[in-house]
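Chemist: My structure file entry_16.cif, mmCIF, C-alpha atoms, is below:
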```cif
data_coords
#
loop_
_atom_site.label_atom_id
_atom_site.label_comp_id
_atom_site.auth_asym_id
_atom_site.auth_seq_id
_atom_site.Cartn_x
_atom_site.Cartn_y
_atom_site.Cartn_z
CA MET N 19 -69.12 85.28 42.76
CA ASN N 20 -65.73 86.23 44.19
CA ALA N 21 -64.45 89.01 41.90
CA VAL N 22 -62.26 92.11 42.07
CA GLN N 23 -62.62 95.05 39.68
CA VAL N 24 -59.85 97.46 38.70
CA ILE N 25 -61.26 100.74 37.34
CA ALA N 26 -59.16 103.49 35.77
CA VAL N 27 -60.07 107.00 36.91
CA GLU N 28 -59.97 108.75 33.56
CA ASN N 29 -60.09 112.36 32.35
CA LEU N 30 -58.28 113.83 35.32
CA PRO N 31 -56.48 117.09 34.52
CA LEU N 32 -52.69 117.32 34.60
CA ILE N 33 -52.00 117.69 38.29
CA LYS N 34 -50.46 120.93 39.53
CA LYS N 35 -49.39 122.38 42.87
CA GLY N 36 -52.29 122.98 45.21
CA ASP N 37 -54.74 120.60 43.51
CA ASN N 38 -57.10 118.71 45.80
CA LEU N 39 -56.45 115.16 44.61
CA GLY N 40 -59.20 113.58 46.68
CA LYS N 41 -61.78 115.98 45.24
CA LEU N 42 -60.54 115.54 41.67
CA ILE N 43 -60.69 111.75 41.93
CA VAL N 44 -64.17 111.79 43.47
CA GLU N 45 -65.49 114.12 40.74
CA ALA N 46 -63.88 112.15 37.91
CA ALA N 47 -65.23 108.86 39.27
CA ILE N 48 -68.76 110.32 39.35
CA LYS N 49 -68.47 111.64 35.79
CA GLN N 50 -67.53 108.23 34.45
CA ASN N 51 -70.38 106.55 36.35
CA THR N 52 -68.12 104.67 38.76
CA PRO N 53 -68.61 106.72 41.96
CA ILE N 54 -66.42 105.75 44.89
CA GLN N 55 -68.09 103.26 47.21
CA GLU N 56 -67.60 101.95 50.73
CA LYS N 57 -64.53 99.67 51.03
CA ASP N 58 -63.04 100.69 47.69
CA VAL N 59 -59.26 100.93 47.41
CA VAL N 60 -58.04 104.11 45.70
CA VAL N 61 -54.54 103.92 44.21
CA VAL N 62 -52.74 107.14 43.23
CA THR N 63 -49.31 107.48 41.65
CA HIS N 64 -46.65 109.18 43.74
CA VAL N 65 -45.92 111.62 40.90
CA ALA N 66 -49.48 112.93 41.01
CA VAL N 67 -49.31 113.27 44.81
CA SER N 68 -45.93 115.01 44.81
CA LYS N 69 -47.02 117.42 42.07
CA ALA N 70 -50.17 118.34 44.02
CA GLU N 71 -47.99 118.96 47.08
CA GLY N 72 -45.58 121.13 45.07
CA ASN N 73 -42.70 118.71 45.53
CA ILE N 74 -40.98 119.39 42.21
CA ILE N 75 -37.30 120.31 41.91
CA ASN N 76 -35.56 122.09 39.04
CA LEU N 77 -32.10 120.57 38.63
CA ASP N 78 -30.71 123.88 37.35
CA LYS N 79 -31.25 125.28 40.86
CA VAL N 80 -29.37 122.44 42.58
CA THR N 81 -25.69 122.75 43.54
CA PRO N 82 -24.09 119.28 43.58
CA SER N 83 -21.87 118.38 46.53
CA GLU N 84 -18.49 116.70 46.08
CA ARG N 85 -20.05 113.41 47.14
CA ALA N 86 -22.77 113.82 44.52
CA LYS N 87 -20.15 114.50 41.84
CA GLU N 88 -18.22 111.39 42.84
CA ILE N 89 -21.29 109.14 42.72
CA ALA N 90 -22.44 110.78 39.47
CA GLN N 91 -19.18 109.79 37.83
CA LYS N 92 -19.60 106.16 38.94
CA THR N 93 -23.22 105.94 37.80
CA ASN N 94 -23.11 108.16 34.72
CA LYS N 95 -25.83 110.38 36.16
CA ASP N 96 -26.37 114.12 36.27
CA PRO N 97 -24.57 115.40 39.42
CA ALA N 98 -27.53 117.66 40.22
CA LEU N 99 -29.87 114.66 40.06
CA VAL N 100 -27.56 112.70 42.35
CA GLU N 101 -27.59 115.60 44.81
CA VAL N 102 -31.40 115.49 44.92
CA ILE N 103 -31.24 111.73 45.46
CA LEU N 104 -28.80 112.20 48.36
CA GLN N 105 -31.04 114.83 49.94
CA GLU N 106 -33.89 112.29 49.90
CA THR N 107 -31.70 109.51 51.31
CA LYS N 108 -31.18 108.24 54.83
CA ASP N 109 -28.81 105.42 53.87
CA ILE N 110 -27.17 104.27 50.63
CA VAL N 111 -27.68 100.54 50.20
CA ARG N 112 -25.74 100.04 46.98
CA VAL N 113 -24.28 102.00 44.08
CA GLY N 114 -24.46 100.30 40.68
CA GLN N 115 -23.54 101.26 37.13
CA ASN N 116 -26.90 102.87 36.41
CA SER N 117 -28.67 103.23 39.73
CA ILE N 118 -28.30 104.14 43.37
CA ILE N 119 -30.26 101.93 45.77
CA THR N 120 -31.19 103.92 48.86
CA GLU N 121 -33.32 103.94 51.96
CA THR N 122 -35.29 107.16 51.81
CA VAL N 123 -35.91 109.49 54.72
CA SER N 124 -39.45 108.06 54.87
CA GLY N 125 -38.12 104.50 55.22
CA ILE N 126 -38.68 103.16 51.69
CA ILE N 127 -35.89 101.21 49.97
CA CYS N 128 -35.80 101.85 46.22
CA ALA N 129 -33.69 102.98 43.30
CA ASN N 130 -32.63 106.63 43.19
CA ALA N 131 -34.63 107.44 46.34
CA GLY N 132 -37.77 107.31 44.21
CA VAL N 133 -36.85 110.55 42.40
CA ASP N 134 -38.76 110.47 39.10
CA ARG N 135 -38.14 112.27 35.82
CA SER N 136 -41.21 110.94 33.99
CA ASN N 137 -44.62 112.60 33.71
CA VAL N 138 -43.38 116.03 34.75
CA SER N 139 -43.11 119.00 32.40
CA GLY N 140 -39.72 120.61 31.87
CA ASP N 141 -36.57 118.76 30.87
CA ARG N 142 -34.80 119.73 34.11
CA ASN N 143 -37.62 119.06 36.57
CA VAL N 144 -37.74 115.97 38.78
CA VAL N 145 -40.30 114.70 41.27
CA PRO N 146 -39.19 113.12 44.57
CA LEU N 147 -41.49 110.94 46.64
CA PRO N 148 -43.94 112.77 48.90
CA LYS N 149 -42.31 113.84 52.16
CA ASN N 150 -44.68 111.58 54.11
CA PRO N 151 -46.29 109.13 51.64
CA SER N 152 -48.59 107.44 54.18
CA GLY N 153 -49.58 110.86 55.53
CA SER N 154 -50.42 111.92 51.98
CA ALA N 155 -52.53 108.78 51.54
CA GLU N 156 -54.38 109.56 54.78
CA ASN N 157 -55.10 113.12 53.64
CA ILE N 158 -56.64 111.84 50.39
CA ARG N 159 -58.62 109.24 52.34
CA LYS N 160 -60.05 111.87 54.69
CA GLU N 161 -61.07 114.08 51.77
CA ILE N 162 -62.81 111.19 50.02
CA LYS N 163 -64.64 110.39 53.27
CA ARG N 164 -65.67 114.04 53.65
CA LEU N 165 -67.04 114.25 50.12
CA THR N 166 -68.65 110.82 49.76
CA GLY N 167 -69.18 109.46 53.25
CA ALA N 168 -67.40 106.28 52.16
CA ASP N 169 -64.65 104.67 54.21
CA VAL N 170 -61.96 103.64 51.74
CA ALA N 171 -58.36 102.55 51.69
CA VAL N 172 -55.78 104.66 49.84
CA ILE N 173 -52.43 103.67 48.37
CA VAL N 174 -49.69 105.95 47.02
CA SER N 175 -47.82 103.82 44.48
CA ASP N 176 -44.47 103.89 42.71
CA THR N 177 -42.67 101.74 40.16
CA HIS N 178 -39.92 99.52 41.55
CA GLY N 179 -37.51 96.94 40.18
CA ARG N 180 -36.93 93.62 41.98
CA PRO N 181 -33.88 91.49 42.80
CA PHE N 182 -33.54 88.47 40.49
CA ARG N 183 -36.49 89.49 38.29
CA LEU N 184 -36.58 91.55 35.10
CA GLY N 185 -39.22 94.23 34.69
CA GLU N 186 -40.74 96.69 37.11
CA ILE N 187 -43.96 96.50 39.09
CA ASN N 188 -45.93 99.03 41.10
CA VAL N 189 -45.61 98.85 44.87
CA ALA N 190 -47.04 100.84 47.75
CA VAL N 191 -44.92 103.65 49.17
CA GLY N 192 -47.80 105.07 51.20
CA VAL N 193 -50.94 103.47 52.64
CA ALA N 194 -53.93 104.55 54.71
CA GLY N 195 -56.97 102.81 56.13
CA PHE N 196 -55.97 99.15 55.81
CA LYS N 197 -53.38 96.58 56.85
CA PRO N 198 -50.77 96.47 54.06
CA ILE N 199 -49.74 92.92 54.99
CA ARG N 200 -52.06 89.96 55.48
CA ASP N 201 -50.43 87.72 58.08
CA ARG N 202 -51.50 84.17 57.28
CA ARG N 203 -49.22 82.45 59.78
CA GLY N 204 -51.21 79.94 61.78
CA GLU N 205 -53.74 79.30 59.01
CA LYS N 206 -54.02 75.81 57.49
CA ASP N 207 -53.65 74.92 53.83
CA LEU N 208 -55.87 72.48 51.90
CA PHE N 209 -54.15 69.50 53.51
CA GLY N 210 -54.07 70.79 57.06
CA TYR N 211 -50.48 72.06 57.02
CA VAL N 212 -50.08 75.04 59.35
CA LEU N 213 -48.55 78.02 57.57
CA ARG N 214 -45.49 79.29 59.43
CA ILE N 215 -44.01 81.99 57.18
CA LYS N 216 -46.77 83.20 54.85
CA GLN N 217 -47.30 86.97 54.91
CA THR N 218 -48.91 88.49 51.83
CA ALA N 219 -47.98 92.04 50.77
CA ILE N 220 -51.55 93.06 49.99
CA ALA N 221 -50.67 96.72 49.39
CA ASP N 222 -48.08 95.83 46.75
CA GLU N 223 -50.42 93.37 45.03
CA LEU N 224 -53.15 96.01 44.85
CA SER N 225 -50.65 98.58 43.54
CA SER N 226 -49.57 96.25 40.74
CA ALA N 227 -53.18 95.46 39.88
CA ALA N 228 -53.89 99.19 39.58
CA GLU N 229 -50.87 99.68 37.33
CA LEU N 230 -52.54 97.51 34.70
CA VAL N 231 -54.98 100.36 34.03
CA ILE N 232 -52.86 103.32 35.16
CA GLY N 233 -49.87 102.44 32.96
CA GLN N 234 -46.33 103.72 33.14
CA ALA N 235 -46.36 106.45 30.52
CA ASN N 236 -49.73 108.16 30.75
CA GLU N 237 -50.04 110.65 33.59
CA GLY N 238 -53.55 111.33 32.32
CA ILE N 239 -54.57 108.23 34.30
CA PRO N 240 -52.78 108.68 37.63
CA ALA N 241 -55.41 106.90 39.74
CA ALA N 242 -57.48 103.74 39.89
CA ILE N 243 -60.27 102.29 41.99
CA ILE N 244 -60.10 98.66 43.12
CA ARG N 245 -63.50 97.29 44.07
CA GLY N 246 -64.45 94.01 45.72
CA TYR N 247 -61.29 93.23 47.67
CA ASN N 248 -62.05 92.48 51.32
CA TYR N 249 -59.15 94.11 53.14
CA GLN N 250 -58.63 94.46 56.89
CA THR N 251 -59.04 98.02 58.11
CA ASP N 252 -56.30 99.75 60.10
CA GLU N 253 -56.46 103.39 61.17
CA ASN N 254 -52.72 103.50 61.92
CA ALA N 255 -51.38 101.92 58.74
CA SER N 256 -48.00 102.84 57.27
CA ALA N 257 -46.12 101.56 54.23
CA THR N 258 -42.91 101.37 56.26
CA SER N 259 -44.22 98.10 57.73
CA LEU N 260 -43.54 96.57 54.30
CA THR N 261 -39.79 97.20 54.60
CA ARG N 262 -37.82 94.22 55.85
CA ALA N 263 -35.73 94.94 58.94
CA LYS N 264 -32.08 95.58 58.05
CA GLU N 265 -30.79 92.70 60.19
CA ARG N 266 -33.05 90.28 58.29
CA ASP N 267 -32.39 91.64 54.81
CA LEU N 268 -30.00 89.39 52.85
CA PHE N 269 -29.35 92.15 50.31
CA ARG N 270 -28.06 94.81 52.71
#
```
Spit out the file's structure as structure tokens when you get a sec.

Modeler:
Amino acid sequence: MNAVQVIAVENLPLIKKGDNLGKLIVEAAIKQNTPIQEKDVVVVTHVAVSKAEGNIINLDKVTPSERAKEIAQKTNKDPALVEVILQETKDIVRVGQNSIITETVSGIICANAGVDRSNVSGDRNVVPLPKNPSGSAENIRKEIKRLTGADVAVIVSDTHGRPFRLGEINVAVGVAGFKPIRDRRGEKDLFGYVLRIKQTAIADELSSAAELVIGQANEGIPAAIIRGYNYQTDENASATSLTRAKERDLFR
């Protein structure tokens, strides 16, 4: 039977700076009788990763620039928050009434540079994306391999909105160990038609599947295991390959 399982990794502690996420996930998976296996995909929220790496910023310690103040007025945002967003930004794509669409320094295009205010203690604390999300994914992957002997894929996920569609989904901002896109160009469909455009964003699909058990408002479940999906391995994977080139992006 062709089946894929999505398993929540439950009873993890609230993540803090210095925590070994790979070790915590491995131990929690064993305790709930779903130990990590060869070819599993482990999905971890970016907030959990950034917190473990100590990437938390207190807005009271941020001095907004004049540019931040100007954008804050247009977007009705806290100037200190806008300053953090600008510090995480390589290029501003668009400024709207409630959001700032940016390309981050790590090459991800998203709202507010991925800076998150949810699932972090302290009213004035925010959590940016990891400095190197795919590097963070690779570090977790190596730790899981060291502890279990299993070769797995790892995704660092975040919640993103989408043009033309209401609602948010989880997407991959960091990947390790597998090809994030399945290129199906050249394959034939049921009637022999040769596919010419089809490229499937596997990493984003797996991230959204994991979100069904991780949830948006419960940092107590910041990780999931996806079992049974036959991905293509890639030792040099990066989530930046999911970003459409600027010259081919109709929205930029």

Chemist: Report as a short mmCIF file (atom, residue, chain, number, x, y, z; two decimals) with C-alpha atoms, in the coordinates of the input the residues that result from applying the PyMOL selection byres ((chain N and resi 21) around 10) to the structure here.

Modeler:
```cif
data_model
loop_
_atom_site.label_atom_id
_atom_site.label_comp_id
_atom_site.auth_asym_id
_atom_site.auth_seq_id
_atom_site.Cartn_x
_atom_site.Cartn_y
_atom_site.Cartn_z
CA MET N 19 -69.12 85.28 42.76
CA ASN N 20 -65.73 86.23 44.19
CA VAL N 22 -62.26 92.11 42.07
CA GLN N 23 -62.62 95.05 39.68
CA ARG N 245 -63.50 97.29 44.07
CA GLY N 246 -64.45 94.01 45.72
CA TYR N 247 -61.29 93.23 47.67
#
```

Chemist: Mind checking which residues fall within 10 Å of region 194-201 of chain N, counting all atoms listed in the file, ignoring those fewer than 3 positions away in the same chain, and posting them as number ranges by chain?

Modeler: N: 57, 59-60, 151-160, 169-174, 190, 204-205, 213-224, 249-260

Chemist: Report the distance between CA of Thr261 (chain N) and CA of Pro146 (chain N) in Å, rounded to one decimal place.

Modeler: 18.8 Å

Chemist: Determine the residue set returned by the PyMOL selection byres ((chain N and resi 43) around 9) for the present structure, and present it as a list of chain:residue names.

Modeler: N:Val27, N:Glu28, N:Leu30, N:Asn38, N:Leu39, N:Gly40, N:Lys41, N:Leu42, N:Val44, N:Glu45, N:Ala46, N:Ala47, N:Ile48, N:Ile54, N:Val60, N:Ile162, N:Ala241, N:Ala242

Chemist: If you measure from CA of Ala129 (chain N) to CA of Gln105 (chain N), what distance in Å do you get, rounded to one decimal?

Modeler: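 Interatomic distance here is 13.8 Å.
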
Chemist: Distance CA of Ala66 (chain N)-CA of Leu32 (chain N), one decimal place?

Modeler: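 Interatomic distance here is 8.4 Å.
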
Chemist: Which residues, named as in the file, does the PyMOL selection byres ((chain N and resi 83-85) around 9) pick out? Answer as a count of residues only.

Modeler: 12

Chemist: Taking (-32.9, 101.8, 48.1) as a centre in this file's frame and 8 Å as the limit, can you find every polymer residue with an atom that close, using all atoms listed in the file, and give them as number ranges by chain?

Modeler: N: 109-112, 118-122, 126-131

Chemist: I need the residue nearest Pro181 (chain N) from this list: N:Ile33, N:Leu268, N:Ala227, N:Val65. Use all atoms listed in the file for the distance.

Modeler: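 Going through N:Ile33, N:Leu268, N:Ala227, N:Val65 one by one, the smallest distance to Pro181 (chain N) is for N:Leu268.
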
Chemist: Taking all listed atoms of region 154-163 of chain N, build the axis-aligned box, pad each of the six sides by 8 Å, then write its centre and edge lengths in Å to one decimal as AutoDock Vina command-line options.

Modeler:
```
--center_x -57.5 --center_y 111.4 --center_z 52.4 --size_x 30.2 --size_y 21.3 --size_z 20.8
```

Chemist: Which residues, written as a list in words, have at least one atom at most 6 Å from Val189 (chain N), with all atoms listed in the file counted and residues fewer than 3 positions away on the same chain left out?

Modeler: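 These residues fall inside the cut-off: Ser175, Asp176, Asp222 and Ser225 of chain N.
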
Chemist: For Asn116 (chain N), please output as a list of chain:residue names all residues within 8 Å (counting only C-alpha atoms; exclusion window: fewer than 5 positions along the same chain).

Modeler: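 Skipping anything fewer than 5 positions along the chain leaves N:Thr93, N:Asn94, N:Lys95.
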
Chemist: For Lys69 (chain N), which residue out of N:Lys149, N:Arg183, N:Lys34, N:Arg142 is the nearest one, using all atoms listed in the file?

Modeler: N:Lys34

Chemist: Just want the 7 Å neighbourhood of Pro240 (chain N), counted on all atoms listed in the file, with same-chain residues fewer than 3 positions away dropped. Output as number ranges by chain.

Modeler: N: 62-63, 66, 232, 237

Chemist: Between N:Val67, N:Asn51, N:Gln91, N:Arg266, which one has atoms that come closest to Asp37 (chain N), using only C-alpha atoms?

Modeler: N:Val67
